[in-house]
Amino acid sequence: MASTKVVICIDRGGTFTDCIGFSKNASNPNAQVKTHVVKLLSEDPQNYPDAPREGIRRILELATGKPHARDQPVDTSTIEIVRMGTTVATNALLERKGESTALFITKGFKDLLHIGNQSRPKIFDLAIHRPDVLYSDVQEVDERLTLVGYTSTPDGMNVFIPKGDPSYVKGITDEWVRVLKAPDLQVVEKQLKESYAKGIRSVAICLMHSFTYPEHERLIGEVAEKVGFTHVTTSSNIMPMIKIVPRGNSAVADAYLTPRIQKYIESFYSGFDSGIRGDPKTGRSLVEFMQSDGGLAPVDAFSGFRAILSGPAGGVVGYALTSWSEIEKVPIIGFDMGGTSTDVSRYAGAYEHVFETTTAGITIQAPQLDINTVAAGGGSRLFYRNGIFVVGPESAGANPGPACYRKGGPLAITDANLLLGRLIPDYFPKIFGKTEKEPLDVEATQTAFKELASQMPGGGERRSLDEVAYGFVKVANEAMCRPIRALTQAKGYDTSNHILASFGGAGGQHACAIARSLGIKTILIHKYSSILSAFGLSLADVVQELQEPSAVILEQANLAHLKSRGAALSAQVSSKLQSQGFPESHIRTRIYLNLRYQGTDTAIMIAEPADQSWDFIKPFVAQYQQEFGFTLQDRDVVVDDIRVRGVGKSSTSIAAERNGMKDWVTELDEASRATESLVVEPDSHASVYFEETGRVPKVPVYILDKCSRGTRLAGPCLIIDKTATIVVEPGCRATITSEHAIIEVGDGHRGRNRVTTALDPIQLSIFGHRFMSIAEQMGRTLQKTAISTNIKERLDFSCALFGPDGGLVANAPHIPVHLGSMQEAVRWQMNYYKNTPGVEPLKDGDVLVTNHPAAGGSHLPDITVITPVFNDGQIVFFVASRGHHADIGGIQPGSMPPNSRELYQEGAAMKSFKLVSHGNFQTDGITKILLDEPAQYPGCTGTRCLRDNISDLKAQVAANHKGILLVKSLIEEYGLEVVQAYMLHIRENAEIAVRDLLRKVHAKYGPVLTSIDYMDDGSPINLTITIDPSTGSARFDFSGTGAQVYANTNAPRSVTYSAIIYCLRCLVNLEMPLNQGALAPVTVVIPPSSLLDPSDTAAVVGGNVLTSQRLCDVIFKAFRAAAASQGCTNNFTFGKTPDSNGQNGFGYYETIAGGSGAGPEWEGKSGVHTHMTNTRITDPEILERRYPVILREFGLRKGSGGNGLHRGGDGVVREMEFLERIDVSILSERRVFRPYGMEGGVDAEPGRNYLIRKIPGGERVLSFGGKNAAVVNPGDRVRIETPGGGGWGKLDR
C-alpha cells in the first residue's frame, strides 16, 4: 500500500481546467495535508489529449516527487479519490455531439419536442434560430392515457369510476387514469427494430401522463432492451414530473448525453492503470462526478441530464461551505467569473434548487442549483457598435483566447484588465506561446486597443486607452450585476444585505466594482478563489435523490399516506448509498414536498421542518409571502411531488481537516481588535488605472502567501495568488484570514458624483442595461405574482418604462404587439388627467387601469395598468404593465368572440379608472366595471373569472411597484438629471440607428417602397413608404387601406405603431434598446375611419391578433426583407359560463404557432410564433389535467411552407377532443389568401379549420371557417391546421 494518498479534484471549464490535490502520509495520522495546485488550458491538443488526465499526472508528480510519463498509463496506487466537475455534457449539448438517439412518443406527438412551447428565442430575429432537437429518429406509439376529471372547476373532480372496469387505474399521484389504448408490443418491437437497423443504440421513451402511470413506458423499455439497445431512458424513471415537454426533453437529453459521458469516461480511464475503476468488493468508486444539484455521484451513476451544471455546481458548494457564517447568518451571493461566462447564485444556509431550466435551447426537468449564467467572462469579446460599448456574448474561448494569449485572438475583457494594470504578466501563469512558457503579450493588447479606439468618434483622441479599456470593464460589470439583481430583488431580497463571495479566475479583478454597484459592503475571496470550483469538490458529499409525483391536498386526512410514501423513498435512498460503500452512520436523508396553491402554477420545494413535525404549511406560506408579497389563504395547498435527498457524508482528509477551523467572522473581529497591525512589505509596485484616481504609478503588489493571518491592507493595492489577482480599489480595505481575503468596501466616489448629463458611449451601454433590467424585473414580478395561465404560463404580458412625456424608454422583450401601443395608452392618460376639466390631477399613490382601443388599447382582454413615478411632487417617469386576461365578459367565454360586430360584445371597456386611489385598491369599482357593466348589453355577461381578474390586476400593480422602487433607486444613485438625460440619449441612439437603416434602404431600392396585401374578407392594407435620404426619415402612408369593417378585424391606431416599431427594430438588426426613438424619423399617415383607424365603438378583438400580423407582412414586403410568415395567431378559445351560483365556469385561450417566412439568407422555421406575438402554449398534460379535453394531435403540418431557394417554415396541426358540452370559438386569418413568397419563392399553404361532429356510427367533418363559434358535445373535435411561411427565391431545378 502506498504511503502517500492523494485526493484530486478537477474542474474542467470552458477556458481553463483547474486541479487541486491534497496529499497525506497515510501511515502517519499526525501528518499534515499538503496542497498542490495545477492550472492548465482545457484544450491544448499540441501538448496533451485530455486536460483532466494531464492535471492528475502533474499533481501526482508534485505529491510523490516521482515522474509520471505522459505516454504511459498513470499509476493510481497513490490516489485516494478523483472528483470531477466537467463540461462534457454541456459541450455535447451546445455542439450537438451526443449519441444518435431515437424518441418513442405517444401517437399524435412526434413533433412535440420540436415545437416545444412554440416561442422563438429572440423576438427581433427574422432569421429565427432555434436549436435542433437532439433525437435523430422518432416513432409514434399507438397508445393513450388520459386523466379522469379536471381541476378548473370544483365539479370537475366529481367523477364516476365504473366498478370492475380495468381501463380505470389509480396513478402514482392518486389520480384516476383511464387507459384509452394500451400499446401493441409486437408493433412496438417492429418499430424499435426499424430504429435499431438505422444504427441507433440509444432510445428515449416518453408517453403522455407516464408521470403518474409509467406502466406503458416500462413495458416498451423492456422490449427495447430485448431488441439490443445499449441505453434505454424512460421519462417516468428519470424525472416523474407533470409536463411532457420538459420531461420528454429530459429523457432525450439523458439518452443523448449519457452514452457520450460513458465514452468520455472510458477514454479517460484508458490513460490509467486498472485501479482507476475502483474497488469491486466495497462498491466504492475511485472516480466521482459533480452533479447539477451540488452532490457527487459515483462514476457508474453519473447521467447526462444531471450533468449540465456539473462544473459550476462545485463552485457553489465551495463558497457555501467556506463562506457561510453560523455566527452572522448573512446570505451570500456567489460570483463566479470564469473565462467564458459568469455564474451567479445565492446561499442562505441551504442550497437553492430549481427543477426546470433551459440550456442550449433544451428545457430539462432535474434538480439543479439555482445558477444564473451571463455571457460575460474574461474571454468575452469587446466591440464598438452603433455608438455603444458592447461586451460579448461572443467569447474568445481557450483557443485562440484573448489577444494577449499569443494565438492571434480578438480583444477580450482579459485584455482590458491587462492594459489597466490589473493583471501583471510577471505574476500570471506563463503557459502561452509555442513553448507553453511565455507570458501574456501586453504589446498585442495595446495594438488591438489602439485599432478599436480608432473606430470611435474623434479616432480615439477623446479618451485615453485606459478610459476605453475601463469603459468595457464597466459595461461588463453592469452585465454581471443584472442577474445578481434578478436573483435577489426578484425574490424579495435586498441585494445590499448580502455578502459577495467572489471566485473564478477573473472574479477578484471585478469584485470591488461589482460590490459597490450593488451596495454590498463585504467581499469574501477564498485563498483558492480562482480554483474554488475544484476546491469545492473536495468538500462535497455524495448525493442520492428519488422523487415521486403526487396530486393530493396537504391536509390532516392525507398526512399518514404522505409520511408512508416519504419513508419508503428514504429507505430506498439509504439502501442505494449503502451499496456505494457508505455506512449507515454516514447517511442523512431529508424529505421535501413540492407545494403550490390550488389553481396556480408556481410550486415551491419545502424541506421537512427540523423538528420533524410535518408542519409544511407554515414554511410554505412564509416563503410564498417572501417571494411573491402575498398569500392565498382561501385556497388549498396541493402536493405536486414528494422528494427525498440522501447524503453520504464526505470523509476525505481535507473535509476532516476543516472541521476545527474558526468562523471567518471571528477571525475578522480578532484582526480589527488587534492593538498592533501586522506589517508586510510589498513584493513590487505596479502602474494601475482606477476610475476614481486615474492611473496610479506605484500601487503596492502583495503576495498572498507572504501575508500572515490578521494582515490588513489598504486599497489601492493588488494581492497576488498563484492563480489569481485580487484588485483592492481605493477606499476599500482587505484583511487576510486563514482562508480568505476579506474586503470591506468603502463608498468610494459613487457614480452620481462622476457621471454627467453629457453623452458618454460607456454610460449609454450601462444605462441601457439598467433601464432594461427594470422592465425585466417588473416582468418577473408579474409572472410570479399572477394567477392566470395566460400571464403565468403563456407569458402573454409586457412591462415597460416610459419617460415623463409618455414615450417608451425600455420594453422588456415580451410581446411585440404591445411595444408601440403601450406608450399611446400612457400618453392618452397623461392628456386626460392634465387637460380634462373637472378631473383631479394624478397624485403619488394613484394607479390607473385602461383597455379601451380609443385610449391606446390594443384589444379589450389586454388590460394595461399604469403608475406614475413621482420625485419631489413631479411625475418623472411612468411604469406600465399589460396582461391578457382570460375573460372580461361579452358574448363568448374567453372574450375573443369570432363574430363580434360592436365593441361592447367583446367585454368590459375602460378608458380610464383609478384602480388604486390614494394608495387604496378599488375592489368595488373594478368589480362593477368587469362584472356588472358588460352584463347590461344584449347577449352579454360580465367576466366569467372575476377572482382571477382581481388577482392578476393586483399582480400588475405589484409589478409596477417593483418598477417604481428600481427607478427611484436609479435616481438615488445617479441623480434625476443624469437618469433623464440618458433616457433621451438612448432614444437618440435608437433614432440614429433607424435613420442609418432608412438611408441604406434608399441607396438599395430608391425613395419609394410600395406594398399591398389583403385580409381574408378582401379588405386591402396598402402602404407607400417615401424615404428622404438627406434626413434619414420616412413617411409611412396607409392611404388606400380598406374601410373599417362590420366585424372585429379593425385595428386601433396604436397597433399600427406597434407593427412599425417592431419591423424597424428587426430591420436594424443591432443590439439596441427598443424605445420611442425608433419612431422619431417616421411620419405615419392613416386614413380616418379605415381598418387601421376605426371608430370608438368598432369591434377590434381580431385587429390586435390578426390585422397586426398582416401589417408586419405588408411592411416587410415593402422593404423586401422576408417572405410572409403565417400572418395569424390562430386564436382558439373554449369555456363554460358559470352556473347561477357563479361557480363551475371557466375560460381557456391559446394562440397557435405556424410557419415563419424565408429570407434572402435563411430558411423559415416550422411550428413557431412569428412577429407580433410570442406567447407560449400550455403543456398537453397540464391542459388535460385542468380542462375536459383530450389533445389528440399536436404536430407539424408537413409541406405547408412555400418552396424556394430558401423554404418557408411549416404550420402545425392541433386537434382537440371535448369531454363535456362547452362553447368553442376560432378567430383566425390566412384561410383565403396564402402567405406570399418573395423573389420567385412559392406561396405557403393557407390555414384550415374543421369541426368534427361525433354521430352514431361515425363522424361528420365540417369546414369551420376562419372565424366561427359553436357548442360542442362530448366526443366532438376541433382540428386547426395553421398556415406555413412563404418561400424565398426561385428554386433552380
# chains A, B, ... in the order shown; residues from 1 in each chain; ligands from 1
$ residues_around --residues "segment 298-308 of chain A" --least-positions-apart "3" --cutoff "8 Å" --atoms "only C-alpha atoms" --output "PyMOL selection string"
chain A and resi 86-87+89-90+250-251+253-258+261+284-285+287-293+359+364+366-368+542+580
$ write_last_selection --atoms "N, CA and C atoms" --output "mmCIF file, in the first residue's frame"
data_model
loop_
_atom_site.group_PDB
_atom_site.id
_atom_site.type_symbol
_atom_site.label_atom_id
_atom_site.label_comp_id
_atom_site.auth_asym_id
_atom_site.auth_seq_id
_atom_site.Cartn_x
_atom_site.Cartn_y
_atom_site.Cartn_z
ATOM 1 N N THR A 86 -17.349 18.581 -14.727
ATOM 2 C CA THR A 86 -16.963 18.564 -16.137
ATOM 3 C C THR A 86 -17.987 19.253 -17.019
ATOM 4 N N THR A 87 -17.526 19.807 -18.087
ATOM 5 C CA THR A 87 -18.421 20.426 -19.080
ATOM 6 C C THR A 87 -18.675 19.496 -20.262
ATOM 7 N N ALA A 89 -20.898 17.147 -20.741
ATOM 8 C CA ALA A 89 -22.321 17.083 -21.108
ATOM 9 C C ALA A 89 -22.774 18.409 -21.701
ATOM 10 N N THR A 90 -22.374 19.519 -21.060
ATOM 11 C CA THR A 90 -22.778 20.835 -21.556
ATOM 12 C C THR A 90 -22.258 21.067 -22.965
ATOM 13 N N SER A 250 -35.928 15.976 -21.125
ATOM 14 C CA SER A 250 -35.002 15.414 -20.129
ATOM 15 C C SER A 250 -34.635 13.985 -20.505
ATOM 16 N N ALA A 251 -35.656 13.208 -20.921
ATOM 17 C CA ALA A 251 -35.396 11.817 -21.301
ATOM 18 C C ALA A 251 -34.482 11.742 -22.519
ATOM 19 N N ALA A 253 -32.417 14.107 -23.549
ATOM 20 C CA ALA A 253 -31.090 14.602 -23.169
ATOM 21 C C ALA A 253 -30.292 13.509 -22.471
ATOM 22 N N ASP A 254 -30.963 12.743 -21.622
ATOM 23 C CA ASP A 254 -30.260 11.661 -20.921
ATOM 24 C C ASP A 254 -29.795 10.594 -21.899
ATOM 25 N N ALA A 255 -30.688 10.217 -22.818
ATOM 26 C CA ALA A 255 -30.316 9.196 -23.806
ATOM 27 C C ALA A 255 -29.231 9.698 -24.748
ATOM 28 N N TYR A 256 -29.236 10.987 -25.004
ATOM 29 C CA TYR A 256 -28.288 11.613 -25.930
ATOM 30 C C TYR A 256 -26.925 11.821 -25.274
ATOM 31 N N LEU A 257 -26.936 12.174 -23.981
ATOM 32 C CA LEU A 257 -25.686 12.577 -23.312
ATOM 33 C C LEU A 257 -25.019 11.458 -22.523
ATOM 34 N N THR A 258 -25.797 10.605 -21.885
ATOM 35 C CA THR A 258 -25.176 9.602 -21.008
ATOM 36 C C THR A 258 -24.206 8.693 -21.759
ATOM 37 N N ILE A 261 -21.081 10.610 -22.215
ATOM 38 C CA ILE A 261 -20.311 10.693 -20.968
ATOM 39 C C ILE A 261 -19.588 9.372 -20.706
ATOM 40 N N ARG A 284 -17.097 0.890 -3.723
ATOM 41 C CA ARG A 284 -16.696 2.301 -3.702
ATOM 42 C C ARG A 284 -15.921 2.643 -4.974
ATOM 43 N N SER A 285 -16.342 3.691 -5.629
ATOM 44 C CA SER A 285 -15.711 4.101 -6.877
ATOM 45 C C SER A 285 -14.497 4.974 -6.578
ATOM 46 N N VAL A 287 -13.576 7.218 -8.807
ATOM 47 C CA VAL A 287 -13.888 8.472 -9.504
ATOM 48 C C VAL A 287 -15.329 8.857 -9.203
ATOM 49 N N GLU A 288 -15.526 10.119 -8.807
ATOM 50 C CA GLU A 288 -16.860 10.668 -8.562
ATOM 51 C C GLU A 288 -17.040 11.938 -9.376
ATOM 52 N N PHE A 289 -18.253 12.155 -9.834
ATOM 53 C CA PHE A 289 -18.549 13.346 -10.630
ATOM 54 C C PHE A 289 -19.544 14.240 -9.894
ATOM 55 N N MET A 290 -19.347 15.548 -10.054
ATOM 56 C CA MET A 290 -20.294 16.510 -9.501
ATOM 57 C C MET A 290 -21.532 16.561 -10.383
ATOM 58 N N GLN A 291 -22.709 16.549 -9.750
ATOM 59 C CA GLN A 291 -23.968 16.675 -10.467
ATOM 60 C C GLN A 291 -24.477 18.123 -10.395
ATOM 61 N N SER A 292 -25.485 18.392 -11.195
ATOM 62 C CA SER A 292 -26.033 19.747 -11.256
ATOM 63 C C SER A 292 -26.641 20.208 -9.932
ATOM 64 N N ASP A 293 -27.007 19.267 -9.067
ATOM 65 C CA ASP A 293 -27.665 19.631 -7.812
ATOM 66 C C ASP A 293 -26.698 19.900 -6.669
ATOM 67 N N THR A 359 -31.171 24.923 -21.127
ATOM 68 C CA THR A 359 -29.759 25.026 -21.504
ATOM 69 C C THR A 359 -29.629 24.665 -22.974
ATOM 70 N N ILE A 364 -35.028 21.199 -19.413
ATOM 71 C CA ILE A 364 -34.776 19.936 -18.708
ATOM 72 C C ILE A 364 -35.384 19.990 -17.313
ATOM 73 N N ALA A 366 -34.899 18.561 -13.819
ATOM 74 C CA ALA A 366 -33.952 17.875 -12.941
ATOM 75 C C ALA A 366 -33.610 18.826 -11.817
ATOM 76 N N PRO A 367 -33.334 18.301 -10.621
ATOM 77 C CA PRO A 367 -32.904 19.205 -9.556
ATOM 78 C C PRO A 367 -31.548 19.819 -9.904
ATOM 79 N N GLN A 368 -31.522 21.130 -9.985
ATOM 80 C CA GLN A 368 -30.280 21.835 -10.297
ATOM 81 C C GLN A 368 -30.137 23.009 -9.342
ATOM 82 N N VAL A 542 -21.552 12.889 -1.424
ATOM 83 C CA VAL A 542 -22.238 12.088 -2.418
ATOM 84 C C VAL A 542 -23.743 12.194 -2.143
ATOM 85 N N GLN A 580 -23.079 1.932 -2.166
ATOM 86 C CA GLN A 580 -21.907 2.665 -2.667
ATOM 87 C C GLN A 580 -20.786 2.723 -1.624
#
$ closest_atom_pairs --of "segment 421-521 of chain A" --to "segment 629-641 of chain A" --cutoff "12 Å" --atoms "only C-alpha atoms" --output "Markdown table"
| residue | atom | partner | partner_atom | distance |
| --- | --- | --- | --- | --- |
| A:Gln489 | CA | A:Gly629 | CA | 12.0 |
| A:Ala490 | CA | A:Gly629 | CA | 10.8 |
| A:Lys491 | CA | A:Gly629 | CA | 9.3 |
| A:Gly492 | CA | A:Gly629 | CA | 7.7 |
| A:Tyr493 | CA | A:Gly629 | CA | 11.1 |
$ closest_residue --among "A:Ala360, A:Val1278, A:Val1224, A:Ser788" --to "His129 of chain A" --atoms "only C-alpha atoms"
A:Ala360
$ residues_around --residues "Gln874 of chain A" --least-positions-apart "5" --cutoff "12 Å" --atoms "only C-alpha atoms" --output "list in words"
Pro804, Pro841, Leu842, Lys843, Asp844, Pro868, Val869 and Leu976 of chain A
$ write_last_selection --atoms "C-alpha atoms" --output "mmCIF file, in the first residue's frame"
data_model
loop_
_atom_site.group_PDB
_atom_site.id
_atom_site.type_symbol
_atom_site.label_atom_id
_atom_site.label_comp_id
_atom_site.auth_asym_id
_atom_site.auth_seq_id
_atom_site.Cartn_x
_atom_site.Cartn_y
_atom_site.Cartn_z
ATOM 1 C CA PRO A 804 -42.351 61.947 -18.330
ATOM 2 C CA PRO A 841 -54.758 65.517 -11.331
ATOM 3 C CA LEU A 842 -52.706 62.389 -10.662
ATOM 4 C CA LYS A 843 -51.185 62.023 -7.193
ATOM 5 C CA ASP A 844 -48.486 59.832 -5.743
ATOM 6 C CA PRO A 868 -46.763 57.477 -12.422
ATOM 7 C CA VAL A 869 -43.376 57.740 -10.713
ATOM 8 C CA LEU A 976 -32.656 62.730 -11.718
#
$ atom_distance --atom1 "atom CA of Gln922 of chain A" --atom2 "atom CA of Thr1137 of chain A"
25.7 Å
$ closest_residue --among "A:Asp1243, A:Lys784, A:Ala855, A:Gln980" --to "Val876 of chain A" --atoms "only C-alpha atoms"
A:Gln980
$ closest_residue --among "A:Val817, A:Ala1043, A:Ile1182, A:Val442" --to "Ser1108 of chain A" --atoms "only C-alpha atoms"
A:Val817
$ residues_around --residues "Tyr213 of chain A" --least-positions-apart "6" --cutoff "10 Å" --atoms "only C-alpha atoms" --output "PDB file with C-alpha atoms, in the first residue's frame"
ATOM      1  CA  LEU A 145     -53.917   7.518 -21.361  1.00  0.00           C
ATOM      2  CA  THR A 146     -55.961  10.408 -20.035  1.00  0.00           C
ATOM      3  CA  LEU A 147     -56.612  11.759 -16.569  1.00  0.00           C
ATOM      4  CA  VAL A 169     -56.465   2.635 -12.795  1.00  0.00           C
ATOM      5  CA  LYS A 170     -55.061   4.663  -9.894  1.00  0.00           C
ATOM      6  CA  GLY A 171     -51.860   6.515 -10.755  1.00  0.00           C
ATOM      7  CA  ILE A 172     -48.865   7.188  -8.515  1.00  0.00           C
ATOM      8  CA  THR A 173     -50.303  10.647  -7.835  1.00  0.00           C
ATOM      9  CA  GLU A 175     -55.356  10.481  -9.570  1.00  0.00           C
ATOM     10  CA  TRP A 176     -57.600   8.198 -11.627  1.00  0.00           C
ATOM     11  CA  VAL A 177     -56.220   7.411 -15.059  1.00  0.00           C
ATOM     12  CA  ARG A 178     -58.139   5.929 -17.966  1.00  0.00           C
ATOM     13  CA  VAL A 179     -56.284   3.681 -20.396  1.00  0.00           C
ATOM     14  CA  LEU A 207     -45.578   8.849 -23.182  1.00  0.00           C
ATOM     15  CA  SER A 236     -41.054   8.316 -15.832  1.00  0.00           C
ATOM     16  CA  PRO A 240     -41.590  11.681 -12.912  1.00  0.00           C
TER      17      PRO A 240
END
